[in-house]
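So this one's start.cif, mmCIF, C-alpha atoms:
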```cif
data_query
#
loop_
_atom_site.label_atom_id
_atom_site.label_comp_id
_atom_site.auth_asym_id
_atom_site.auth_seq_id
_atom_site.Cartn_x
_atom_site.Cartn_y
_atom_site.Cartn_z
CA MET A 19 101.62 -69.28 139.41
CA ALA A 20 100.94 -65.68 140.42
CA LYS A 21 102.44 -63.06 138.19
CA ARG A 22 105.44 -61.32 139.68
CA LYS A 23 105.34 -57.61 140.23
CA ILE A 24 108.37 -55.57 139.30
CA SER A 25 109.21 -51.87 139.37
CA LYS A 26 109.54 -49.71 136.25
CA LYS A 27 113.26 -49.44 136.89
CA GLU A 28 113.63 -53.21 136.90
CA GLU A 29 111.81 -53.39 133.58
CA LEU A 30 114.24 -50.79 132.16
CA ALA A 31 117.13 -52.88 133.45
CA TYR A 32 115.67 -55.87 131.58
CA GLN A 33 115.79 -53.87 128.35
CA LEU A 34 119.37 -52.87 129.03
CA LEU A 35 120.44 -56.44 129.79
CA GLU A 36 118.62 -57.94 126.82
CA ASP A 37 121.19 -56.92 124.18
CA GLN A 38 124.24 -57.83 126.19
CA THR A 39 123.15 -61.28 127.35
CA GLN A 40 121.14 -64.25 126.18
CA GLY A 41 117.97 -62.48 127.33
CA ARG A 42 115.42 -62.67 130.11
CA GLU A 43 114.05 -66.04 129.08
CA LYS A 44 117.51 -67.52 129.70
CA GLY A 45 118.05 -65.72 133.03
CA PHE A 46 120.31 -63.09 131.37
CA TYR A 47 122.97 -65.75 131.08
CA TRP A 48 126.19 -64.85 129.28
CA PHE A 49 129.83 -65.80 129.15
CA LYS A 50 133.00 -64.00 128.24
CA TYR A 51 133.52 -64.35 124.53
CA ASP A 52 136.93 -65.02 123.08
CA TRP A 53 136.78 -63.35 119.69
CA GLY A 54 140.11 -64.82 118.64
CA LYS A 55 138.53 -68.27 118.66
CA ILE A 56 135.50 -67.09 116.82
CA ASN A 57 135.61 -69.81 114.18
CA GLU A 58 135.80 -72.57 116.80
CA TYR A 59 133.00 -71.16 118.92
CA HIS A 60 130.71 -70.94 116.00
CA TYR A 61 130.99 -74.66 115.49
CA SER A 62 129.34 -75.05 118.87
CA PHE A 63 125.84 -73.66 118.69
CA ASN A 64 125.44 -73.54 122.47
CA ARG A 65 128.46 -71.33 123.03
CA TYR A 66 127.36 -69.11 120.20
CA SER A 67 123.90 -68.66 121.62
CA VAL A 68 124.93 -67.93 125.20
CA SER A 69 127.44 -65.24 124.35
CA CYS A 70 124.83 -62.66 123.45
CA LYS A 71 121.40 -62.62 121.93
CA ASN A 72 122.55 -60.49 119.03
CA TRP A 73 125.70 -58.82 117.87
CA HIS A 74 124.42 -55.32 118.27
CA LEU A 75 126.36 -54.83 121.48
CA THR A 76 126.28 -51.04 121.45
CA VAL A 77 124.52 -49.69 124.50
CA ASP A 78 121.82 -47.07 123.91
CA THR A 79 123.36 -44.24 125.94
CA ARG A 80 120.24 -42.08 125.67
CA GLN A 81 118.23 -44.80 127.38
CA VAL A 82 120.91 -45.22 130.03
CA ALA A 83 121.11 -41.45 130.59
CA ASN A 84 117.35 -41.31 131.14
CA SER A 85 116.97 -44.39 133.28
CA PHE A 86 120.30 -44.98 135.00
CA PRO A 87 122.46 -41.84 134.83
CA GLU A 88 124.79 -43.46 137.37
CA TYR A 89 125.80 -46.01 134.69
CA LEU A 90 126.24 -43.56 131.82
CA ASP A 91 130.00 -43.40 132.22
CA LEU A 92 130.20 -47.20 132.15
CA ALA A 93 127.99 -47.38 129.05
CA ASN A 94 130.14 -44.80 127.25
CA LYS A 95 133.29 -46.74 128.08
CA LEU A 96 131.70 -49.94 126.85
CA ASN A 97 130.74 -48.35 123.53
CA ASP A 98 134.26 -46.91 123.11
CA LYS A 99 135.82 -50.33 123.68
CA LEU A 100 133.37 -51.92 121.27
CA GLU A 101 134.42 -49.46 118.57
CA LEU A 102 138.06 -50.24 119.35
CA MET A 103 137.32 -53.94 118.97
CA LYS A 104 135.58 -53.40 115.65
CA ASP A 105 138.57 -51.38 114.45
CA THR A 106 141.00 -54.11 115.48
CA ILE A 107 138.89 -56.73 113.68
CA ASP A 108 139.00 -54.57 110.54
CA GLU A 109 142.77 -54.38 110.97
CA ILE A 110 142.95 -58.17 111.36
CA ASN A 111 140.90 -58.65 108.19
CA ARG A 112 143.31 -56.37 106.33
CA VAL A 113 146.64 -57.78 107.52
CA ARG A 114 145.39 -61.35 107.39
CA GLU A 115 144.44 -60.95 103.74
CA GLN A 116 147.90 -59.57 102.96
CA TYR A 117 149.59 -62.46 104.77
CA LEU A 118 147.43 -65.16 103.18
CA ASN A 119 147.89 -63.71 99.70
CA ALA A 120 151.66 -63.61 100.22
CA LEU A 121 151.61 -67.25 101.35
CA LYS A 122 149.57 -68.27 98.32
CA THR A 123 152.20 -66.90 95.94
CA HIS A 124 154.40 -69.84 97.03
CA ILE A 125 151.91 -72.38 95.73
CA LYS A 126 152.99 -73.71 92.33
CA ASP A 127 149.61 -74.81 90.99
CA TYR A 128 146.66 -73.46 92.92
CA SER A 129 144.11 -75.53 91.00
CA LYS A 130 145.68 -78.77 92.29
CA ILE A 131 146.08 -78.02 95.99
CA HIS A 132 143.27 -80.38 97.00
CA LEU A 133 145.11 -83.34 95.40
CA ALA A 134 147.35 -85.68 97.38
CA TYR A 135 151.05 -84.86 97.27
CA GLU A 136 154.51 -85.98 98.28
CA VAL A 137 157.35 -83.72 99.22
CA LEU A 138 160.36 -83.56 96.91
CA THR A 139 163.73 -84.65 98.32
CA ASP A 140 166.55 -82.12 98.49
CA GLU A 141 168.21 -83.72 95.44
CA GLU A 142 164.99 -83.59 93.46
CA GLU A 143 164.50 -79.95 94.39
CA LYS A 144 168.01 -79.16 93.25
CA MET A 145 167.49 -80.96 89.95
CA ILE A 146 164.22 -79.16 89.29
CA ALA A 147 165.85 -75.81 90.04
CA GLU A 148 168.63 -76.72 87.64
CA TYR A 149 166.21 -77.57 84.83
CA GLN A 150 164.12 -74.48 85.48
CA ALA A 151 167.18 -72.26 85.34
CA ASP A 152 168.30 -73.63 81.98
CA PRO A 153 165.57 -73.91 79.29
CA ALA A 154 167.95 -75.72 76.93
CA LYS A 155 168.08 -78.61 79.37
CA MET A 156 164.31 -78.81 79.23
CA THR A 157 164.42 -79.11 75.43
CA ASP A 158 167.02 -81.86 75.77
CA LEU A 159 164.75 -83.69 78.19
CA LEU A 160 161.80 -83.44 75.81
CA ASN A 161 163.94 -84.73 72.93
CA LYS A 162 165.09 -87.65 75.05
CA ILE A 163 161.50 -88.53 75.89
CA GLU A 164 160.50 -88.35 72.23
CA THR A 165 163.40 -90.56 71.13
CA LEU A 166 162.63 -93.10 73.84
CA ILE A 167 158.98 -93.29 72.81
CA LYS A 168 160.00 -94.01 69.24
CA GLU A 169 162.52 -96.58 70.45
CA ILE A 170 159.90 -98.34 72.58
CA ASP A 171 157.50 -98.48 69.65
CA ALA A 172 160.15 -100.12 67.53
CA VAL A 173 161.24 -102.73 70.13
CA PRO A 174 159.22 -105.99 70.29
CA LYS A 175 157.65 -107.05 73.58
CA GLY A 176 160.08 -108.37 76.16
CA LYS A 177 162.41 -107.46 79.04
CA SER A 178 164.25 -104.74 77.15
CA LYS A 179 160.96 -103.01 76.33
CA LYS A 180 160.05 -103.01 80.02
CA ASP A 181 163.40 -101.42 80.92
CA LEU A 182 162.93 -98.74 78.32
CA GLN A 183 159.42 -98.04 79.58
CA ALA A 184 160.71 -97.66 83.16
CA GLN A 185 163.32 -95.23 81.88
CA LEU A 186 160.61 -93.30 80.02
CA THR A 187 158.41 -93.07 83.13
CA GLN A 188 161.36 -91.66 85.08
CA LEU A 189 161.98 -88.98 82.48
CA GLN A 190 158.28 -88.15 82.22
CA ASP A 191 158.02 -87.81 86.02
CA LEU A 192 160.98 -85.47 85.99
CA TYR A 193 159.39 -83.43 83.21
CA ASN A 194 156.10 -83.22 85.13
CA SER A 195 157.87 -82.19 88.31
CA VAL A 196 159.81 -79.45 86.54
CA LYS A 197 156.77 -78.19 84.67
CA GLY A 198 154.50 -78.52 87.69
CA MET B 30 146.17 -89.94 88.98
CA ALA B 31 149.84 -89.56 89.85
CA ILE B 32 150.59 -88.05 93.24
CA ARG B 33 151.83 -84.48 92.87
CA SER B 34 155.28 -83.56 94.04
CA ILE B 35 155.69 -80.30 95.91
CA THR B 36 158.62 -78.52 97.47
CA LYS B 37 159.21 -78.41 101.23
CA LYS B 38 158.47 -74.70 101.16
CA GLU B 39 155.07 -75.29 99.63
CA GLU B 40 154.30 -77.86 102.33
CA VAL B 41 155.21 -75.28 105.00
CA VAL B 42 152.91 -72.79 103.30
CA TYR B 43 150.07 -75.34 103.50
CA LYS B 44 150.66 -75.69 107.24
CA LEU B 45 150.65 -71.93 107.74
CA LEU B 46 147.51 -71.43 105.67
CA GLU B 47 145.54 -74.20 107.37
CA PRO B 48 144.38 -72.45 110.61
CA HIS B 49 143.45 -69.19 108.94
CA SER B 50 141.33 -70.56 106.12
CA SER B 51 138.93 -73.37 105.28
CA GLY B 52 141.90 -75.69 104.69
CA ARG B 53 143.60 -77.36 101.74
CA GLN B 54 140.65 -79.56 100.84
CA HIS B 55 138.57 -76.41 100.39
CA ASN B 56 141.14 -74.38 98.47
CA PHE B 57 142.19 -72.33 101.50
CA ASP B 58 139.14 -70.11 101.09
CA CYS B 59 138.91 -67.31 103.62
CA GLU B 60 136.31 -64.67 104.42
CA ASP B 61 136.60 -61.39 106.26
CA PHE B 62 134.75 -61.20 109.54
CA GLU B 63 131.80 -58.84 109.07
CA TRP B 64 130.65 -57.67 112.44
CA ASP B 65 127.34 -56.22 111.42
CA GLU B 66 126.26 -59.40 109.68
CA ALA B 67 127.81 -61.78 112.17
CA ARG B 68 124.59 -62.88 113.83
CA TYR B 69 123.08 -64.17 110.60
CA LYS B 70 126.05 -64.84 108.35
CA TYR B 71 127.98 -67.26 110.53
CA ARG B 72 125.01 -69.45 111.33
CA SER B 73 125.86 -71.10 108.03
CA TRP B 74 128.28 -73.97 108.54
CA LEU B 75 130.09 -73.18 105.30
CA ARG B 76 130.63 -69.58 106.31
CA ARG B 77 131.91 -70.57 109.75
CA ARG B 78 134.41 -72.89 108.13
CA ASN B 79 135.66 -70.12 105.89
CA LEU B 80 136.15 -67.70 108.73
CA GLY B 81 139.45 -69.10 109.98
CA SER B 82 141.14 -68.33 113.27
CA PHE B 83 142.17 -64.95 114.66
CA TYR B 84 145.04 -66.51 116.59
CA VAL B 85 148.65 -66.87 115.52
CA ALA B 86 150.33 -69.80 117.24
CA SER B 87 153.91 -69.29 118.38
CA LYS B 88 154.91 -72.50 116.58
CA ASP B 89 153.65 -70.95 113.32
CA LEU B 90 155.81 -67.91 113.95
CA GLU B 91 158.84 -70.16 114.51
CA LEU B 92 158.06 -72.18 111.39
CA CYS B 93 157.67 -69.06 109.29
CA LYS B 94 160.91 -67.58 110.66
CA LYS B 95 162.78 -70.77 109.78
CA GLU B 96 161.27 -71.77 106.46
CA VAL B 97 159.75 -68.66 104.83
CA PRO B 98 161.49 -65.71 106.52
CA GLU B 99 160.42 -63.35 103.74
CA LEU B 100 156.82 -63.64 105.02
CA LEU B 101 157.70 -63.06 108.66
CA PRO B 102 156.94 -59.29 108.70
CA LYS B 103 153.45 -59.96 107.36
CA LEU B 104 152.80 -62.73 109.88
CA GLU B 105 154.14 -60.55 112.70
CA ALA B 106 151.80 -57.73 111.66
CA PHE B 107 148.93 -60.21 111.74
CA ALA B 108 150.02 -61.56 115.15
CA GLN B 109 150.23 -57.98 116.48
CA ALA B 110 146.70 -57.26 115.23
CA THR B 111 145.40 -60.36 117.03
CA GLN B 112 147.15 -59.21 120.21
CA ASN B 113 145.47 -55.82 119.86
CA LEU B 114 142.13 -57.56 119.52
CA LYS B 115 142.78 -59.55 122.67
CA LYS B 116 143.59 -56.39 124.62
CA ALA B 117 140.54 -54.55 123.25
CA GLN B 118 138.33 -57.55 123.94
CA ASP B 119 139.52 -57.87 127.54
CA GLN B 120 138.71 -54.22 128.19
CA PHE B 121 135.36 -54.49 126.44
CA GLU B 122 134.38 -57.65 128.34
CA GLN B 123 135.35 -56.02 131.64
CA TYR B 124 133.02 -53.08 131.08
CA ARG B 125 130.35 -55.37 129.70
CA TRP B 126 130.54 -57.51 132.82
CA GLU B 127 130.30 -54.43 135.05
CA LEU B 128 127.24 -53.19 133.18
CA ILE B 129 125.54 -56.59 133.32
CA LYS B 130 126.34 -56.86 137.03
CA ALA B 131 124.87 -53.40 137.63
CA GLY B 132 121.78 -54.28 135.61
CA LYS B 133 121.30 -57.55 137.46
CA SER B 134 121.61 -55.81 140.83
CA LEU B 135 118.40 -53.96 139.96
CA CYS B 136 116.45 -57.18 139.61
CA LYS B 137 114.37 -57.93 142.70
CA ASP B 138 114.63 -61.68 142.40
CA HIS B 139 117.22 -62.82 139.91
CA ARG B 140 115.94 -66.43 139.91
CA ALA B 141 112.51 -65.29 138.75
CA VAL B 142 113.49 -63.04 135.83
CA HIS B 143 112.32 -65.57 133.24
CA ARG B 144 108.76 -65.50 134.59
CA ALA B 145 105.94 -63.28 133.36
CA TYR B 146 105.47 -60.06 135.28
CA ASN B 147 103.23 -57.07 135.94
CA LEU B 148 104.47 -53.57 136.64
CA LEU B 149 103.97 -52.13 140.11
CA THR B 150 101.71 -49.09 140.34
CA PRO B 151 103.35 -45.89 141.68
CA GLN B 152 101.64 -46.50 145.07
CA GLU B 153 102.94 -50.05 145.15
CA GLU B 154 106.41 -48.82 144.27
CA LEU B 155 106.28 -46.40 147.21
CA LEU B 156 105.16 -49.20 149.50
CA TYR B 157 107.99 -51.41 148.21
CA ALA B 158 110.55 -48.65 148.81
CA GLU B 159 109.20 -48.08 152.30
CA TYR B 160 109.45 -51.73 153.31
CA LYS B 161 112.84 -52.16 151.63
CA ALA B 162 114.23 -49.20 153.57
CA ASP B 163 113.12 -50.68 156.90
CA PRO B 164 113.60 -54.46 157.27
CA SER B 165 111.90 -54.47 160.69
CA LYS B 166 108.67 -53.53 158.92
CA VAL B 167 108.87 -56.75 156.94
CA GLN B 168 109.25 -58.68 160.20
CA ASP B 169 106.20 -56.89 161.62
CA LEU B 170 104.25 -57.77 158.50
CA LEU B 171 105.21 -61.42 158.77
CA SER B 172 104.24 -61.52 162.46
CA LYS B 173 100.89 -59.94 161.63
CA ILE B 174 100.26 -62.54 158.92
CA GLU B 175 101.12 -65.32 161.37
CA THR B 176 98.89 -63.96 164.10
CA LEU B 177 95.99 -63.46 161.72
CA THR B 178 96.38 -67.00 160.33
CA LYS B 179 96.25 -68.41 163.89
CA GLU B 180 93.27 -66.23 164.73
CA LEU B 181 91.48 -67.43 161.61
CA ASP B 182 92.19 -71.06 162.47
CA ALA B 183 90.79 -70.49 165.98
CA VAL B 184 87.47 -69.14 164.74
CA PRO B 185 84.94 -72.00 165.02
CA LYS B 186 83.13 -73.19 161.91
CA GLY B 187 79.48 -72.34 161.37
CA ARG B 188 77.22 -69.70 159.89
CA ALA B 189 77.38 -67.61 163.06
CA ASN B 190 81.08 -66.89 162.54
CA ALA B 191 80.99 -66.53 158.75
CA GLN B 192 81.10 -62.73 158.85
CA LYS B 193 84.18 -62.71 161.14
CA ARG B 194 85.96 -65.27 159.00
CA ARG B 195 85.31 -63.21 155.88
CA GLU B 196 86.73 -60.10 157.55
CA LEU B 197 89.83 -61.92 158.77
CA ASN B 198 90.33 -63.52 155.37
CA SER B 199 90.13 -60.21 153.55
CA GLU B 200 92.59 -58.63 155.98
CA LEU B 201 94.94 -61.58 155.57
CA ASP B 202 94.70 -61.35 151.75
CA GLN B 203 95.66 -57.70 151.87
CA LEU B 204 98.69 -58.36 154.06
CA ARG B 205 99.73 -61.25 151.82
CA LYS B 206 99.41 -59.00 148.80
CA ILE B 207 101.78 -56.49 150.39
CA TYR B 208 104.19 -59.28 151.25
CA HIS B 209 104.00 -60.53 147.65
CA ILE B 210 104.90 -57.03 146.39
CA ILE B 211 107.87 -56.55 148.67
CA LEU B 212 109.18 -60.10 148.30
#
```
Transcribe the structure of this file into C-alpha cells.
Amino acid sequence: MAKRKISKKEELAYQLLEDQTQGREKGFYWFKYDWGKINEYHYSFNRYSVSCKNWHLTVDTRQVANSFPEYLDLANKLNDKLELMKDTIDEINRVREQYLNALKTHIKDYSKIHLAYEVLTDEEEKMIAEYQADPAKMTDLLNKIETLIKEIDAVPKGKSKKDLQAQLTQLQDLYNSVKG
Amino acid sequence: MAIRSITKKEEVVYKLLEPHSSGRQHNFDCEDFEWDEARYKYRSWLRRRNLGSFYVASKDLELCKKEVPELLPKLEAFAQATQNLKKAQDQFEQYRWELIKAGKSLCKDHRAVHRAYNLLTPQEELLYAEYKADPSKVQDLLSKIETLTKELDAVPKGRANAQKRRELNSELDQLRKIYHIIL
C-alpha cells in the first residue's frame, strides 16, 4: 500500500492527540472516563486501555502555542481542570482515610475480621454490655466456670455429666462473647 | 473454630467498609489513589483491588445515618468530595473532548491515521492548499485523469506507438500523484 502523505500540521496534531487518546495505532480512540468507578474500570483491561494511552494528561501548552495558537485557550482550560481533578482526588484520599479509620474503631477484634461470624441478638448484646459494665460480674462468671469444670471432673460419665458440660459450654460462650 | 459473634453495629460497619476497601476477606485494606503512578501501579490486580470505590451510595448514607450516626459527618464529607470529583471530571472531559475533536479535524483522512505516512514537502503542501481551497480544481483533475486514461487505452499497441504511450503514462502518473496528495 502506498504511503500516505500528510502535512506538518497534521503530524503535530498527531502528537497532541497521542497523550489524550489511545494513540494513532488505535485510530485515536478514547472514551469518557468515570474516575469515580476507577476500581471497577481497572478490572477490565480493555476499558483501561482505551481511556488514554498514559496518565500524563497535561497538555504541553508551549507546543500548542507554537503549532495551534487557536487552541491555546482550550489547552489552558484543560490543564486547569486536570489540576482541579487531581486536587479533588487528593481530597478524596484524605477524607476517605478519615472515614475508614473512624469505621474501623467500631471493630472489636481486627485480627479476626476475615473469620465467619453471626450477629448477636438484642438480648445477647444487652447481656454483654451488662457484663462489660460490671467487672465483678465477670469474676463471678469465671468462678462459676471454674467450679463447673471441677464438678464435671468429679462426676462419673452419664446424663448428668452431659448436662453439666452443656451448661459449661454456655458459660464459656458467654465469656468469649464478652471478652471478644 | 467457633463462629465469632459480633454486634449489629459491627456488621453495619463491615457493609460500609466493603465498597471502599479490598473487603472483609482481605482485612479491608485500602490504598490512596496516586495519580502520577496510576498507569503502572494499578496494572497489578492486587493494587486495583485495594483501590476501592470513589462513590458513596445513597443507601450507605441512609444506613450510616440510621445505625452509626456519629460517623455521618465523615461520610458526608467523603460523599461531598466524590461529588466535587464528578463535577471536576465532567468539566475536564468536556475540554478534553473539544481538544480531541479539534485535533481530529486536522487529520486529512481520519480512517487512515493508523497507517504509515510521509510528510508533504512545502511545495506539495502549497499544492494541497490550492486544491483544497477550490473544489472545482479537483473535478478538473479527475476529468483530466479520465480523459488521459481513455486516450492511453485508444493508442494502438506496437513499437511505433511506444514513445506516445510512455509520454501519456508519465503525464498520467504525475496527475495521479497530485490526486494522491490532495486526497
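Proximity of B:Ile207, B:Ala191, B:Leu104, B:Leu45 to B:Leu149, computed with all atoms listed in the file, is greatest for B:Ile207.
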Atomic distance atom CA of A:Leu186 - atom CA of A:Met156, expressed in Å with one decimal: 15.0 Å
Resolved residues for the PyMOL selection byres ((chain B and resi 167-181) around 9) as a PyMOL selection string: chain B and resi 160-161+163-166+182-185+193-194+197-198+200-201+204-205+207-208+211
At most 7 Å to chain A: residues in chain B, all atoms listed in the file, as a VMD selection string: chain B and resid 32 to 37 39 42 46 53 to 54 56 61 to 62 67 to 68 77 to 78 80 to 84 103 to 104 106 to 107 110 to 111 113 to 114 117 to 118 120 to 122 124 to 125 128 to 129 132 135 to 136 142 to 143 145 to 149 154 210
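Coordinates place atom CA of B:Val97 at a distance of 7.2 Å from atom CA of B:Lys38.
Across the structure, atom CA of B:Glu91 and atom CA of B:Asp119 are spaced 26.3 Å apart.
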The PyMOL selection byres ((chain A and resi 157-164) around 9) resolved against shown file, as a count of residues only: 14
Nearest to B:Gln109 by atom-to-atom distance, counting only C-alpha atoms, from B:Gly187, B:Ala131, B:Cys93, B:Ala86: B:Ala86
